[in-house]
Every structure is written in structure tokens, then in C-alpha cells.
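Visitor: Dropping in entry-v3.cif, with mmCIF, C-alpha atoms and all ligand atoms.
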```cif
data_data
#
loop_
_atom_site.group_PDB
_atom_site.id
_atom_site.type_symbol
_atom_site.label_atom_id
_atom_site.label_comp_id
_atom_site.auth_asym_id
_atom_site.auth_seq_id
_atom_site.Cartn_x
_atom_site.Cartn_y
_atom_site.Cartn_z
ATOM 1 C CA MET A 18 4.758 38.014 -18.137
ATOM 2 C CA THR A 19 6.567 39.104 -15.012
ATOM 3 C CA THR A 20 10.329 39.356 -15.092
ATOM 4 C CA SER A 21 10.920 36.499 -12.628
ATOM 5 C CA LEU A 22 9.707 33.997 -15.198
ATOM 6 C CA PRO A 23 12.015 32.568 -17.833
ATOM 7 C CA ARG A 24 11.213 33.529 -21.371
ATOM 8 C CA PRO A 25 10.460 31.434 -23.248
ATOM 9 C CA LEU A 26 8.701 29.237 -20.708
ATOM 10 C CA ARG A 27 9.753 25.648 -21.342
ATOM 11 C CA LEU A 28 6.960 23.112 -21.787
ATOM 12 C CA GLY A 29 8.063 19.502 -21.306
ATOM 13 C CA THR A 30 6.279 16.708 -23.156
ATOM 14 C CA ARG A 31 6.796 13.279 -24.641
ATOM 15 C CA GLY A 32 7.639 13.403 -28.320
ATOM 16 C CA SER A 33 4.835 11.270 -29.779
ATOM 17 C CA PRO A 34 2.602 12.948 -32.369
ATOM 18 C CA LEU A 35 -0.321 12.937 -29.899
ATOM 19 C CA ALA A 36 1.791 14.351 -27.068
ATOM 20 C CA LEU A 37 3.095 17.143 -29.315
ATOM 21 C CA THR A 38 -0.419 17.959 -30.514
ATOM 22 C CA GLN A 39 -1.612 18.187 -26.908
ATOM 23 C CA ALA A 40 1.371 20.398 -26.061
ATOM 24 C CA ARG A 41 0.386 22.768 -28.879
ATOM 25 C CA MET A 42 -3.190 22.843 -27.557
ATOM 26 C CA VAL A 43 -1.858 23.919 -24.169
ATOM 27 C CA ILE A 44 0.275 26.640 -25.766
ATOM 28 C CA ALA A 45 -2.724 27.912 -27.749
ATOM 29 C CA ALA A 46 -4.832 28.060 -24.570
ATOM 30 C CA LEU A 47 -2.095 29.889 -22.642
ATOM 31 C CA ARG A 48 -1.558 32.375 -25.446
ATOM 32 C CA ALA A 49 -5.285 33.079 -25.668
ATOM 33 C CA ALA A 50 -5.616 33.479 -21.886
ATOM 34 C CA HIS A 51 -2.575 35.706 -21.409
ATOM 35 C CA GLY A 52 -2.246 37.443 -24.773
ATOM 36 C CA TRP A 53 1.248 35.997 -25.292
ATOM 37 C CA ASP A 54 3.105 36.013 -28.586
ATOM 38 C CA GLU A 55 4.357 32.955 -30.409
ATOM 39 C CA ALA A 56 7.761 33.010 -28.733
ATOM 40 C CA ALA A 57 6.423 32.868 -25.164
ATOM 41 C CA VAL A 58 6.529 29.070 -24.804
ATOM 42 C CA GLU A 59 9.023 26.572 -26.168
ATOM 43 C CA ILE A 60 8.431 22.820 -26.461
ATOM 44 C CA VAL A 61 11.051 20.505 -24.939
ATOM 45 C CA ALA A 62 10.388 16.922 -26.094
ATOM 46 C CA ILE A 63 11.688 14.252 -23.724
ATOM 47 C CA LYS A 64 11.759 10.486 -24.249
ATOM 48 C CA THR A 65 10.260 8.499 -21.373
ATOM 49 C CA SER A 66 10.814 4.858 -20.367
ATOM 50 C CA GLY A 67 7.363 4.080 -21.733
ATOM 51 C CA ASP A 68 8.431 5.338 -25.167
ATOM 52 C CA ARG A 69 11.483 3.074 -25.178
ATOM 53 C CA ILE A 70 9.748 -0.156 -24.218
ATOM 54 C CA GLN A 71 7.782 -1.284 -27.250
ATOM 55 C CA ASP A 72 7.838 -5.058 -27.177
ATOM 56 C CA ARG A 73 6.166 -5.975 -23.886
ATOM 57 C CA ALA A 74 2.883 -5.137 -22.251
ATOM 58 C CA LEU A 75 3.523 -2.233 -19.934
ATOM 59 C CA ALA A 76 1.675 -4.076 -17.198
ATOM 60 C CA GLU A 77 4.314 -6.781 -17.531
ATOM 61 C CA VAL A 78 7.187 -4.325 -17.295
ATOM 62 C CA GLY A 79 5.592 -3.214 -14.058
ATOM 63 C CA GLY A 80 7.859 -0.199 -13.655
ATOM 64 C CA LYS A 81 6.587 2.880 -11.949
ATOM 65 C CA ALA A 82 6.111 6.254 -13.581
ATOM 66 C CA LEU A 83 6.846 4.937 -17.071
ATOM 67 C CA TRP A 84 5.401 7.987 -18.793
ATOM 68 C CA THR A 85 6.339 10.647 -16.276
ATOM 69 C CA LYS A 86 9.660 9.851 -14.593
ATOM 70 C CA GLU A 87 11.919 11.680 -17.042
ATOM 71 C CA LEU A 88 9.566 14.672 -17.119
ATOM 72 C CA ASP A 89 9.391 14.699 -13.303
ATOM 73 C CA ILE A 90 13.204 14.845 -13.215
ATOM 74 C CA ALA A 91 13.261 17.663 -15.776
ATOM 75 C CA LEU A 92 10.802 19.612 -13.604
ATOM 76 C CA ALA A 93 12.871 19.042 -10.472
ATOM 77 C CA ASP A 94 16.087 20.026 -12.287
ATOM 78 C CA GLY A 95 14.525 23.200 -13.654
ATOM 79 C CA ALA A 96 15.091 22.000 -17.242
ATOM 80 C CA ILE A 97 11.389 22.641 -17.916
ATOM 81 C CA ASP A 98 8.823 24.924 -16.251
ATOM 82 C CA PHE A 99 5.806 22.670 -16.665
ATOM 83 C CA ALA A 100 4.898 19.291 -18.177
ATOM 84 C CA VAL A 101 1.906 18.271 -20.297
ATOM 85 C CA HIS A 102 0.521 14.748 -19.933
ATOM 86 C CA SER A 103 -2.385 12.590 -20.981
ATOM 87 C CA MET A 104 -3.915 12.314 -17.510
ATOM 88 C CA LYS A 105 -4.615 8.642 -18.184
ATOM 89 C CA ASP A 106 -0.860 8.002 -18.141
ATOM 90 C CA VAL A 107 -0.156 9.884 -14.908
ATOM 91 C CA GLU A 108 0.332 7.689 -11.808
ATOM 92 C CA THR A 109 -2.273 7.941 -9.112
ATOM 93 C CA ILE A 110 0.252 8.887 -6.464
ATOM 94 C CA ARG A 111 2.525 11.730 -7.491
ATOM 95 C CA PRO A 112 5.675 13.041 -5.845
ATOM 96 C CA ALA A 113 4.801 15.584 -3.137
ATOM 97 C CA GLU A 114 6.736 18.363 -4.890
ATOM 98 C CA ILE A 115 4.620 18.084 -8.073
ATOM 99 C CA VAL A 116 1.091 19.451 -8.512
ATOM 100 C CA ILE A 117 -1.492 19.098 -11.259
ATOM 101 C CA ALA A 118 -1.974 22.792 -11.977
ATOM 102 C CA ALA A 119 -4.585 22.620 -14.749
ATOM 103 C CA MET A 120 -6.538 20.401 -17.116
ATOM 104 C CA LEU A 121 -7.806 21.221 -20.594
ATOM 105 C CA PRO A 122 -11.490 20.567 -21.353
ATOM 106 C CA ARG A 123 -12.031 16.855 -21.724
ATOM 107 C CA ALA A 124 -12.626 15.419 -25.199
ATOM 108 C CA ASP A 125 -14.851 12.460 -26.176
ATOM 109 C CA VAL A 126 -14.228 9.858 -23.457
ATOM 110 C CA ARG A 127 -15.296 6.833 -25.485
ATOM 111 C CA ASP A 128 -13.051 4.135 -26.885
ATOM 112 C CA ARG A 129 -13.320 3.410 -30.562
ATOM 113 C CA LEU A 130 -13.289 0.055 -32.248
ATOM 114 C CA ILE A 131 -11.357 -0.052 -35.492
ATOM 115 C CA GLY A 132 -11.896 -2.990 -37.811
ATOM 116 C CA ALA A 133 -15.564 -3.705 -36.981
ATOM 117 C CA THR A 134 -18.629 -1.552 -36.409
ATOM 118 C CA SER A 135 -19.280 -2.925 -32.896
ATOM 119 C CA LEU A 136 -18.080 -5.632 -30.505
ATOM 120 C CA ALA A 137 -21.126 -7.701 -31.496
ATOM 121 C CA ALA A 138 -20.165 -7.414 -35.167
ATOM 122 C CA LEU A 139 -16.676 -8.908 -34.682
ATOM 123 C CA PRO A 140 -16.344 -12.199 -36.565
ATOM 124 C CA GLN A 141 -16.440 -15.373 -34.440
ATOM 125 C CA GLY A 142 -12.990 -15.985 -32.930
ATOM 126 C CA ALA A 143 -11.611 -12.644 -34.140
ATOM 127 C CA ARG A 144 -8.359 -11.317 -32.719
ATOM 128 C CA VAL A 145 -8.414 -7.888 -31.053
ATOM 129 C CA GLY A 146 -5.123 -6.068 -30.565
ATOM 130 C CA THR A 147 -4.643 -4.182 -27.286
ATOM 131 C CA SER A 148 -2.189 -4.005 -24.404
ATOM 132 C CA SER A 149 -4.713 -2.627 -21.941
ATOM 133 C CA PRO A 150 -5.896 -5.034 -19.198
ATOM 134 C CA ARG A 151 -9.129 -3.023 -18.976
ATOM 135 C CA ARG A 152 -9.908 -3.248 -22.690
ATOM 136 C CA SER A 153 -8.985 -6.952 -22.739
ATOM 137 C CA ALA A 154 -11.346 -7.640 -19.856
ATOM 138 C CA GLN A 155 -14.205 -5.651 -21.351
ATOM 139 C CA VAL A 156 -13.839 -7.237 -24.781
ATOM 140 C CA ARG A 157 -13.582 -10.752 -23.353
ATOM 141 C CA ARG A 158 -16.598 -10.157 -21.164
ATOM 142 C CA ALA A 159 -18.711 -9.095 -24.130
ATOM 143 C CA ARG A 160 -17.183 -11.641 -26.499
ATOM 144 C CA PRO A 161 -15.538 -14.631 -24.761
ATOM 145 C CA ASP A 162 -14.785 -16.143 -28.182
ATOM 146 C CA VAL A 163 -12.457 -13.285 -29.087
ATOM 147 C CA GLY A 164 -8.682 -13.601 -28.705
ATOM 148 C CA ILE A 165 -6.477 -10.774 -27.436
ATOM 149 C CA VAL A 166 -3.141 -10.054 -29.108
ATOM 150 C CA LEU A 167 -0.593 -7.590 -27.740
ATOM 151 C CA PHE A 168 -0.595 -4.216 -29.515
ATOM 152 C CA ARG A 169 1.656 -1.436 -28.309
ATOM 153 C CA GLY A 170 3.092 1.743 -29.699
ATOM 154 C CA ASN A 171 1.598 5.020 -30.798
ATOM 155 C CA VAL A 172 -1.593 5.411 -32.797
ATOM 156 C CA ASP A 173 0.083 4.962 -36.197
ATOM 157 C CA THR A 174 2.046 1.910 -35.075
ATOM 158 C CA ARG A 175 -1.155 0.247 -33.880
ATOM 159 C CA LEU A 176 -3.064 1.103 -37.036
ATOM 160 C CA GLY A 177 -0.091 -0.273 -39.012
ATOM 161 C CA LYS A 178 -0.299 -3.587 -37.153
ATOM 162 C CA LEU A 179 -3.999 -3.757 -37.898
ATOM 163 C CA ALA A 180 -3.386 -3.034 -41.592
ATOM 164 C CA ALA A 181 -0.697 -5.756 -41.599
ATOM 165 C CA GLY A 182 -3.306 -8.293 -40.457
ATOM 166 C CA GLU A 183 -1.924 -8.899 -36.956
ATOM 167 C CA ALA A 184 -5.503 -8.640 -35.669
ATOM 168 C CA GLU A 185 -9.013 -8.142 -37.044
ATOM 169 C CA ALA A 186 -9.687 -5.132 -34.836
ATOM 170 C CA THR A 187 -8.126 -2.798 -32.304
ATOM 171 C CA LEU A 188 -9.272 -0.211 -29.779
ATOM 172 C CA LEU A 189 -8.081 3.354 -29.362
ATOM 173 C CA ALA A 190 -9.270 6.299 -27.324
ATOM 174 C CA GLY A 191 -11.471 8.472 -29.524
ATOM 175 C CA ALA A 192 -9.910 11.561 -27.918
ATOM 176 C CA GLY A 193 -6.487 10.763 -29.343
ATOM 177 C CA LEU A 194 -7.869 10.190 -32.826
ATOM 178 C CA ILE A 195 -9.852 13.429 -32.737
ATOM 179 C CA ARG A 196 -6.850 15.437 -31.543
ATOM 180 C CA LEU A 197 -4.686 13.932 -34.256
ATOM 181 C CA GLY A 198 -7.249 14.977 -36.881
ATOM 182 C CA ARG A 199 -8.202 11.340 -37.543
ATOM 183 C CA ASP A 200 -11.817 11.690 -36.513
ATOM 184 C CA GLU A 201 -12.981 9.468 -39.381
ATOM 185 C CA ILE A 202 -11.306 6.392 -37.912
ATOM 186 C CA GLY A 203 -13.270 3.756 -35.996
ATOM 187 C CA HIS A 204 -16.631 3.352 -34.314
ATOM 188 C CA PRO A 205 -17.288 4.802 -30.839
ATOM 189 C CA ILE A 206 -18.353 2.169 -28.314
ATOM 190 C CA PRO A 207 -21.117 3.373 -25.974
ATOM 191 C CA ILE A 208 -19.888 3.839 -22.393
ATOM 192 C CA GLU A 209 -22.587 1.420 -21.196
ATOM 193 C CA GLU A 210 -20.723 -1.244 -23.178
ATOM 194 C CA MET A 211 -17.186 -0.101 -22.487
ATOM 195 C CA LEU A 212 -16.589 2.280 -19.605
ATOM 196 C CA PRO A 213 -13.383 4.229 -20.344
ATOM 197 C CA ALA A 214 -10.154 4.279 -18.352
ATOM 198 C CA PRO A 215 -10.002 6.679 -15.434
ATOM 199 C CA ALA A 216 -8.853 10.099 -16.722
ATOM 200 C CA GLN A 217 -9.212 9.101 -20.371
ATOM 201 C CA ALA A 218 -9.461 12.037 -22.788
ATOM 202 C CA ALA A 219 -8.083 14.583 -20.315
ATOM 203 C CA VAL A 220 -4.871 16.554 -20.782
ATOM 204 C CA GLY A 221 -3.183 17.748 -17.588
ATOM 205 C CA ILE A 222 -0.394 20.182 -16.831
ATOM 206 C CA GLU A 223 1.979 19.644 -13.939
ATOM 207 C CA THR A 224 4.534 21.898 -12.328
ATOM 208 C CA LEU A 225 6.441 22.124 -9.078
ATOM 209 C CA ALA A 226 4.352 23.015 -6.025
ATOM 210 C CA GLU A 227 6.863 25.734 -5.169
ATOM 211 C CA ARG A 228 6.495 27.481 -8.564
ATOM 212 C CA LYS A 229 3.620 29.739 -7.494
ATOM 213 C CA ASP A 230 4.130 32.043 -10.479
ATOM 214 C CA VAL A 231 3.807 29.197 -12.993
ATOM 215 C CA ARG A 232 0.866 27.669 -11.120
ATOM 216 C CA ALA A 233 -1.030 30.949 -11.369
ATOM 217 C CA LEU A 234 -0.424 31.207 -15.124
ATOM 218 C CA LEU A 235 -1.538 27.606 -15.658
ATOM 219 C CA GLY A 236 -4.533 27.974 -13.353
ATOM 220 C CA ALA A 237 -5.981 30.497 -15.782
ATOM 221 C CA ILE A 238 -6.586 27.731 -18.350
ATOM 222 C CA ASP A 239 -7.896 25.099 -15.939
ATOM 223 C CA ASP A 240 -11.232 23.599 -16.946
ATOM 224 C CA ALA A 241 -12.798 23.146 -13.506
ATOM 225 C CA PRO A 242 -15.463 20.571 -14.491
ATOM 226 C CA THR A 243 -12.845 18.346 -16.166
ATOM 227 C CA ASN A 244 -10.533 18.722 -13.190
ATOM 228 C CA ALA A 245 -13.309 17.786 -10.748
ATOM 229 C CA CYS A 246 -14.337 14.687 -12.732
ATOM 230 C CA VAL A 247 -10.801 13.452 -13.340
ATOM 231 C CA SER A 248 -9.835 14.087 -9.721
ATOM 232 C CA ALA A 249 -12.784 11.959 -8.595
ATOM 233 C CA GLU A 250 -11.716 9.138 -10.918
ATOM 234 C CA ARG A 251 -8.183 9.380 -9.552
ATOM 235 C CA ALA A 252 -9.469 9.342 -5.963
ATOM 236 C CA LEU A 253 -11.241 6.077 -6.773
ATOM 237 C CA LEU A 254 -8.009 4.627 -8.186
ATOM 238 C CA ALA A 255 -6.101 5.654 -5.091
ATOM 239 C CA ALA A 256 -8.686 4.068 -2.809
ATOM 240 C CA LEU A 257 -8.690 0.864 -4.847
ATOM 241 C CA GLY A 258 -4.928 0.676 -4.643
ATOM 242 C CA ALA A 259 -4.956 0.062 -8.379
ATOM 243 C CA ASP A 260 -1.725 -0.292 -10.286
ATOM 244 C CA CYS A 261 -1.084 -0.657 -14.002
ATOM 245 C CA ARG A 262 -1.933 -4.361 -13.749
ATOM 246 C CA SER A 263 -5.395 -3.781 -12.321
ATOM 247 C CA PRO A 264 -8.215 -3.591 -14.841
ATOM 248 C CA VAL A 265 -10.317 -0.609 -13.788
ATOM 249 C CA ALA A 266 -12.741 1.587 -15.651
ATOM 250 C CA ALA A 267 -14.187 4.775 -14.223
ATOM 251 C CA LEU A 268 -16.026 7.828 -15.422
ATOM 252 C CA ALA A 269 -17.355 10.794 -13.494
ATOM 253 C CA VAL A 270 -19.879 13.110 -15.136
ATOM 254 C CA ARG A 271 -21.638 16.184 -13.868
ATOM 255 C CA SER A 272 -25.114 15.444 -12.613
ATOM 256 C CA GLY A 273 -27.177 18.323 -11.304
ATOM 257 C CA ALA A 274 -24.983 20.245 -8.898
ATOM 258 C CA GLY A 275 -22.763 17.233 -8.204
ATOM 259 C CA LEU A 276 -20.846 14.414 -9.831
ATOM 260 C CA LEU A 277 -21.927 10.903 -10.687
ATOM 261 C CA LEU A 278 -19.047 8.406 -10.594
ATOM 262 C CA ARG A 279 -19.397 5.062 -12.356
ATOM 263 C CA ALA A 280 -16.724 2.427 -11.894
ATOM 264 C CA GLU A 281 -15.931 -1.135 -12.811
ATOM 265 C CA ILE A 282 -13.260 -3.613 -11.697
ATOM 266 C CA MET A 283 -12.651 -6.881 -13.491
ATOM 267 C CA THR A 284 -10.242 -9.724 -14.039
ATOM 268 C CA GLU A 285 -8.276 -9.440 -17.240
ATOM 269 C CA ASP A 286 -9.897 -12.541 -18.753
ATOM 270 C CA GLY A 287 -13.296 -10.900 -18.296
ATOM 271 C CA SER A 288 -14.676 -13.765 -16.206
ATOM 272 C CA GLU A 289 -15.182 -11.686 -13.052
ATOM 273 C CA HIS A 290 -16.602 -8.263 -12.871
ATOM 274 C CA ARG A 291 -18.092 -5.771 -10.449
ATOM 275 C CA SER A 292 -19.543 -2.390 -11.207
ATOM 276 C CA GLY A 293 -21.185 0.353 -9.239
ATOM 277 C CA GLU A 294 -21.942 4.041 -9.147
ATOM 278 C CA ALA A 295 -22.187 6.786 -6.572
ATOM 279 C CA MET A 296 -23.208 10.401 -6.366
ATOM 280 C CA LEU A 297 -20.262 12.271 -4.948
ATOM 281 C CA ILE A 298 -21.425 14.615 -2.248
ATOM 282 C CA GLU A 299 -18.620 14.560 0.284
ATOM 283 C CA THR A 300 -14.887 13.955 0.205
ATOM 284 C CA GLY A 301 -14.440 10.247 0.641
ATOM 285 C CA ASP A 302 -17.448 9.219 -1.439
ATOM 286 C CA ALA A 303 -15.197 7.947 -4.244
ATOM 287 C CA ALA A 304 -13.268 5.901 -1.675
ATOM 288 C CA ALA A 305 -16.546 4.507 -0.347
ATOM 289 C CA LEU A 306 -17.440 3.330 -3.865
ATOM 290 C CA ALA A 307 -14.011 1.675 -4.135
ATOM 291 C CA ARG A 308 -14.626 -0.120 -0.847
ATOM 292 C CA ARG A 309 -18.035 -1.292 -1.992
ATOM 293 C CA LEU A 310 -16.576 -2.739 -5.193
ATOM 294 C CA LEU A 311 -13.810 -4.559 -3.321
ATOM 295 C CA ASP A 312 -16.038 -5.805 -0.492
ATOM 296 C CA GLY A 313 -18.215 -7.743 -2.885
ATOM 297 C CA ALA A 314 -15.353 -9.020 -5.029
ATOM 298 C CA SER A 315 -14.080 -12.597 -5.085
ATOM 299 C CA PRO A 316 -10.634 -13.177 -3.514
ATOM 300 C CA ARG A 317 -9.182 -13.502 -7.015
ATOM 301 C CA LEU A 318 -10.585 -10.160 -8.142
ATOM 302 C CA ARG A 319 -9.690 -8.441 -4.858
ATOM 303 C CA ALA A 320 -6.107 -9.698 -5.124
ATOM 304 C CA LEU A 321 -5.591 -7.394 -8.132
ATOM 305 C CA PHE A 322 -5.896 -4.415 -5.774
ATOM 306 C CA THR A 323 -4.152 -3.388 -2.608
ATOM 307 C CA GLY A 324 -6.565 -0.785 -1.241
ATOM 308 C CA ALA A 325 -9.692 -0.214 0.795
HETATM 309 N N1 LIG B 401 -1.977 4.804 -22.925
HETATM 310 C C1 LIG B 401 -1.725 5.545 -24.119
HETATM 311 C C2 LIG B 401 -2.655 6.690 -24.279
HETATM 312 N N2 LIG B 401 -2.677 7.702 -23.411
HETATM 313 C C3 LIG B 401 -3.650 8.593 -23.802
HETATM 314 C C4 LIG B 401 -4.224 8.111 -24.965
HETATM 315 C C5 LIG B 401 -5.300 8.723 -25.737
HETATM 316 C C6 LIG B 401 -5.759 10.078 -25.333
HETATM 317 C C7 LIG B 401 -6.444 10.153 -24.003
HETATM 318 O O1 LIG B 401 -7.093 9.207 -23.534
HETATM 319 O O2 LIG B 401 -6.354 11.249 -23.408
HETATM 320 C C8 LIG B 401 -3.572 6.913 -25.279
HETATM 321 C C9 LIG B 401 -3.825 6.041 -26.449
HETATM 322 C C10 LIG B 401 -5.117 5.269 -26.408
HETATM 323 O O3 LIG B 401 -5.563 4.830 -25.339
HETATM 324 O O4 LIG B 401 -5.712 5.094 -27.469
#
```
Spit out the file's structure as C-alpha cells when you get a sec.
Guide:
Amino acid sequence: MTTSLPRPLRLGTRGSPLALTQARMVIAALRAAHGWDEAAVEIVAIKTSGDRIQDRALAEVGGKALWTKELDIALADGAIDFAVHSMKDVETIRPAEIVIAAMLPRADVRDRLIGATSLAALPQGARVGTSSPRRSAQVRRARPDVGIVLFRGNVDTRLGKLAAGEAEATLLAGAGLIRLGRDEIGHPIPIEEMLPAPAQAAVGIETLAERKDVRALLGAIDDAPTNACVSAERALLAALGADCRSPVAALAVRSGAGLLLRAEIMTEDGSEHRSGEAMLIETGDAAALARRLLDGASPRLRALFTGA
């Protein structure tokens, strides 16, 4: 490490078990890439607004930057050198002074159903616990008889609610379960049946644009294919003008030399739905897909978005 860098480097993260696990994965990757010792990076856990609000759907709270604001401030203040996030929780539009410097290799992108082996196997009229407008829409589309109940909190809180009988089933990202060492939990839902959230299963690292030294160190652990796919999904979100209230699913995968982007917009009750896909050849192709989805949407579906 050069002398201009603080030692230890301070890694900012939320304090949830998943966030801390992801932070340790980043430290392990940095140590392997740079040959650092154990003391090179220190974890600074910071509570975000999203961690404090447990009783309402986040979409209802409607606040901006629920999972990042406090970490953004810590970056700006120099209290931390970089921040680790689940990319799924990072707003589409970031402050100009912050850059996404690296992403770890993406994990399994699929959602998992816990409590039944498949959506089709859910009992008639079952309750499914989720706070995600996307998951609600996808479940209701496949199973209009199913009721949605609000489930928030970290993985253990949600599993606790399920065990307490507050719902017959719940949905969680497989990536989180795998990273937490809970790979035995739940049944993966094929992406044809439930396209994941944009940026699901990707861990990103942000720092200040002006911290060239830190950006270079982080760049060494960037997984370029993950970064390209997640960036395409985020470009689609930006073009849609999606916010946390807009049910959107999107997944880019490598296809030949390029990327194939699949996307879906829907109303939360699952009654309206549009999906499409595009090979991404040029900059702007993700935005063109967004426009195509919105152009064919009903006024009610289009009203959930502000873009294109
Ligand atoms: N919104 C919460 C959140 N943010 C990231 C993950 C899981 C890990 C990931 O997708 O990277 C989760 C929980 C979940 O959706 O089950």
C-alpha cells in the first residue's frame, strides 16, 4: 500500500448479517489481489434509514437513498474510504461525486420460494409474505388466488415470521441465502417464471470519484462481466424512470460477444404486464428496450414510471 492511503482502510457497510458477510468477501478479495495482511482493512458498520424503518413497506416510505444515504455521507466526510452495497439496494441515480468502483462476481440471481416447492404448489388462497412490489406482481400474476402480506426485515426476521405462521410462504434472493451459508433453504424459481430484480445478487463497492488511489485498488477486484450486466440493468431502470414503487424485473446475461437484456414491467396487483428483450450492441440499447416496454403499456402501467 502506498503511504498516501490510510491504514487500515475503512470499509463502510450496513450492519446486517448479510451486509457484514459481503463486506468480509470484499476484504478477502482485496487481500488476495494485493497480498495484504489481516489488518489492512477495517469494517465500519453504519445504520441506514432502511435499517431503522421496519414496520412499513419501503415503497410506502418513499424516501430516497434509504440504504445508502448514511454511507454516502460517511464517504463524503472521509469517515470511510469505500462502501460495500448489495447493488439491488443502490439507487439508479447516484451523487456525481460517488462512483461504483468494482463489483464482485454475481451469485445465483434467482429468487427462492420458502414454504412451498413452487408457485404452482402453493395451497389455494395461500398468503405469501413480501414487501417487494415486483415479487407481489409476479406472484399475483402466476397465482391470482394468493394473498400478499407485508414482510420486512433481514433474512432471519422474515424466516421467523414464516415460522410464526404469518404466511404460508415467502420469497428471498437465493444469493443472500447462499452467502449466509443457508443454501439448504427454499426452492429456486426459474427465471422464466420469476425474473429477478435489476442488480440482484451483485455486490458493489463505491468510493469518491476523486479518490483515484482507492479506485485503482478496488478496480483490481472488479468482475467485468458482472459489472457490464448490472450496468445494463441499471441503464434500463434509469431510462424507465423507475423508483422504488415501480415493479420492474430485469436480467442481463452474456450471449456470444454481447449481452442479452430481458426486462419486465408490471402493476403490483399482477393484472398488467409487459416484457421484452434486446441484444445490447450499442449504448442506448437498454434505453430503447425501456421505451418499447413503456410505449406499449396501458396508461395505468405507464403511470408507474416517469421515463422514456
Ligand atoms: N432488499 C433487500 C436485499 N438486498 C439484497 C438482498 C439479497 C442479496 C442480493 O440480491 O444481492 C436482499 C434480500 C432479498 O431480496 O432476499
Visitor: Scan for residues within 12 Å of the point (-18.3, -2.6, -14.3) in the coordinates of the file, using all atoms listed in the file, and reply as a ChimeraX atom specification.
Guide: /A:151-152,154-155,158-159,208-214,264-268,278-284,287-294,307,310,314
Visitor: Which is closer to ligand LIG 401 (chain B) than all the others in A:Asn244, A:Thr187, A:Ser103, A:Ser153, using all atoms listed in the file?
Guide: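 Checking each of A:Asn244, A:Thr187, A:Ser103, A:Ser153 against ligand LIG 401 (chain B), counting all atoms listed in the file, the winner is A:Ser103.
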Visitor: Could you list, as a CSV table (one decimal) with C-alpha atoms, in the coordinates of the input, every residue within 10 Å of A:Ile60, counting only C-alpha atoms and ignoring same-chain residues fewer than 3 positions away?
Guide:
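File produced: selection_24.csv:
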```csv
chain,number,residue,atom,x,y,z
A,25,PRO,CA,10.5,31.4,-23.2
A,26,LEU,CA,8.7,29.2,-20.7
A,27,ARG,CA,9.8,25.6,-21.3
A,28,LEU,CA,7.0,23.1,-21.8
A,29,GLY,CA,8.1,19.5,-21.3
A,30,THR,CA,6.3,16.7,-23.2
A,31,ARG,CA,6.8,13.3,-24.6
A,32,GLY,CA,7.6,13.4,-28.3
A,37,LEU,CA,3.1,17.1,-29.3
A,40,ALA,CA,1.4,20.4,-26.1
A,41,ARG,CA,0.4,22.8,-28.9
A,44,ILE,CA,0.3,26.6,-25.8
A,63,ILE,CA,11.7,14.3,-23.7
A,97,ILE,CA,11.4,22.6,-17.9
A,100,ALA,CA,4.9,19.3,-18.2
```
Visitor: What is the distance between atom CA of A:Lys105 and atom CA of A:Arg129, in Å to one decimal?
Guide: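 Pair atom CA of A:Lys105 / atom CA of A:Arg129 returns 16.0 Å.
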Visitor: Collect all residues with atoms no farther than 10 Å from ligand LIG 401 (chain B), counting all atoms listed in the file, and output them as a count of residues only.
Guide: 48
Visitor: Provide the atom CA of A:Leu130 to atom CA of A:Ala186 distance in Å, to one decimal place.
Guide: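 Between atom CA of A:Leu130 and atom CA of A:Ala186 the gap works out to 6.8 Å.
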Visitor: Compare A:Val166, A:Leu276, A:Leu321, A:Leu225 by their minimum atom-to-atom distance to A:Ala245, counting all atoms listed in the file, and give me the closest one.
Guide: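 Closest to A:Ala245 of all the choices is A:Leu276.
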Visitor: Report as a ChimeraX atom specification the residues that result from applying the PyMOL selection byres (((chain A and resi 56) around 9) and not hetatm) to the structure here.
Guide: /A:24-26,53-55,57-59
Visitor: Restricting the calculation to only C-alpha atoms: of A:Ala91, A:Ala304, A:Ala180, A:Ala96, which residue gets closest to A:Pro23?
Guide: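 When distances to A:Pro23 are compared using only C-alpha atoms, the smallest one comes from A:Ala96.
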Visitor: A:Asp260: which residues within 9 Å, counting all atoms listed in the file, same-chain residues fewer than 2 positions away excluded, as a list in words?
Guide: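 Selected residues are Ala76, Gly79, Glu108, Thr109, Leu254, Leu257, Gly258, Arg262, Ser263, Pro264, Leu321, Phe322 and Thr323 of chain A.
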Visitor: For the structure provided, state which residues fall under the PyMOL selection byres (((chain A and resi 271) around 10) and not hetatm), and present them as number ranges by chain.
Guide: A: 242-243, 245-246, 269-270, 272-278, 296-297
Visitor: In Å to one decimal, how far is atom CA of A:Leu121 from atom CA of A:Leu253?
Guide: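 That distance, rounded to one decimal, is 20.8 Å.
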Visitor: So which one's closest to A:Leu92, A:Ala181, A:Ala138, A:Val231, A:Leu176? Using only C-alpha atoms, please.
Guide: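 Going through A:Ala181, A:Ala138, A:Val231, A:Leu176 one by one, the smallest distance to A:Leu92 is for A:Val231.
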Visitor: I'd like the neighbourhood of A:Val116 as a ChimeraX atom specification, where a residue qualifies if any of its atoms comes within 7 Å (using only C-alpha atoms), though same-chain residues fewer than 6 positions away should be ignored.
Guide: /A:223-226
Visitor: Using all atoms listed in the file, can you tell me which of A:Gly324, A:Gly198, A:Pro34, A:Pro140 comes closest to A:Thr174?
Guide: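 Counting all atoms listed in the file, the residue closest to A:Thr174 is A:Pro34.
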Visitor: Using only C-alpha atoms, pick whichever of A:Asp239, A:Glu114, A:Asp162, A:Glu87 has the shortest atom-to-atom distance to A:Leu136.
Guide: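 Going through A:Asp239, A:Glu114, A:Asp162, A:Glu87 one by one, the smallest distance to A:Leu136 is for A:Asp162.
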Visitor: Edge lengths and centre in Å to one decimal, as AutoDock Vina command-line options, of the axis-aligned box that encloses all listed atoms of stretch 272-287 of chain A with 3 Å added on every side?
Guide:
```
--center_x -17.7 --center_y 3.9 --center_z -13.5 --size_x 24.9 --size_y 38.8 --size_z 16.5
```
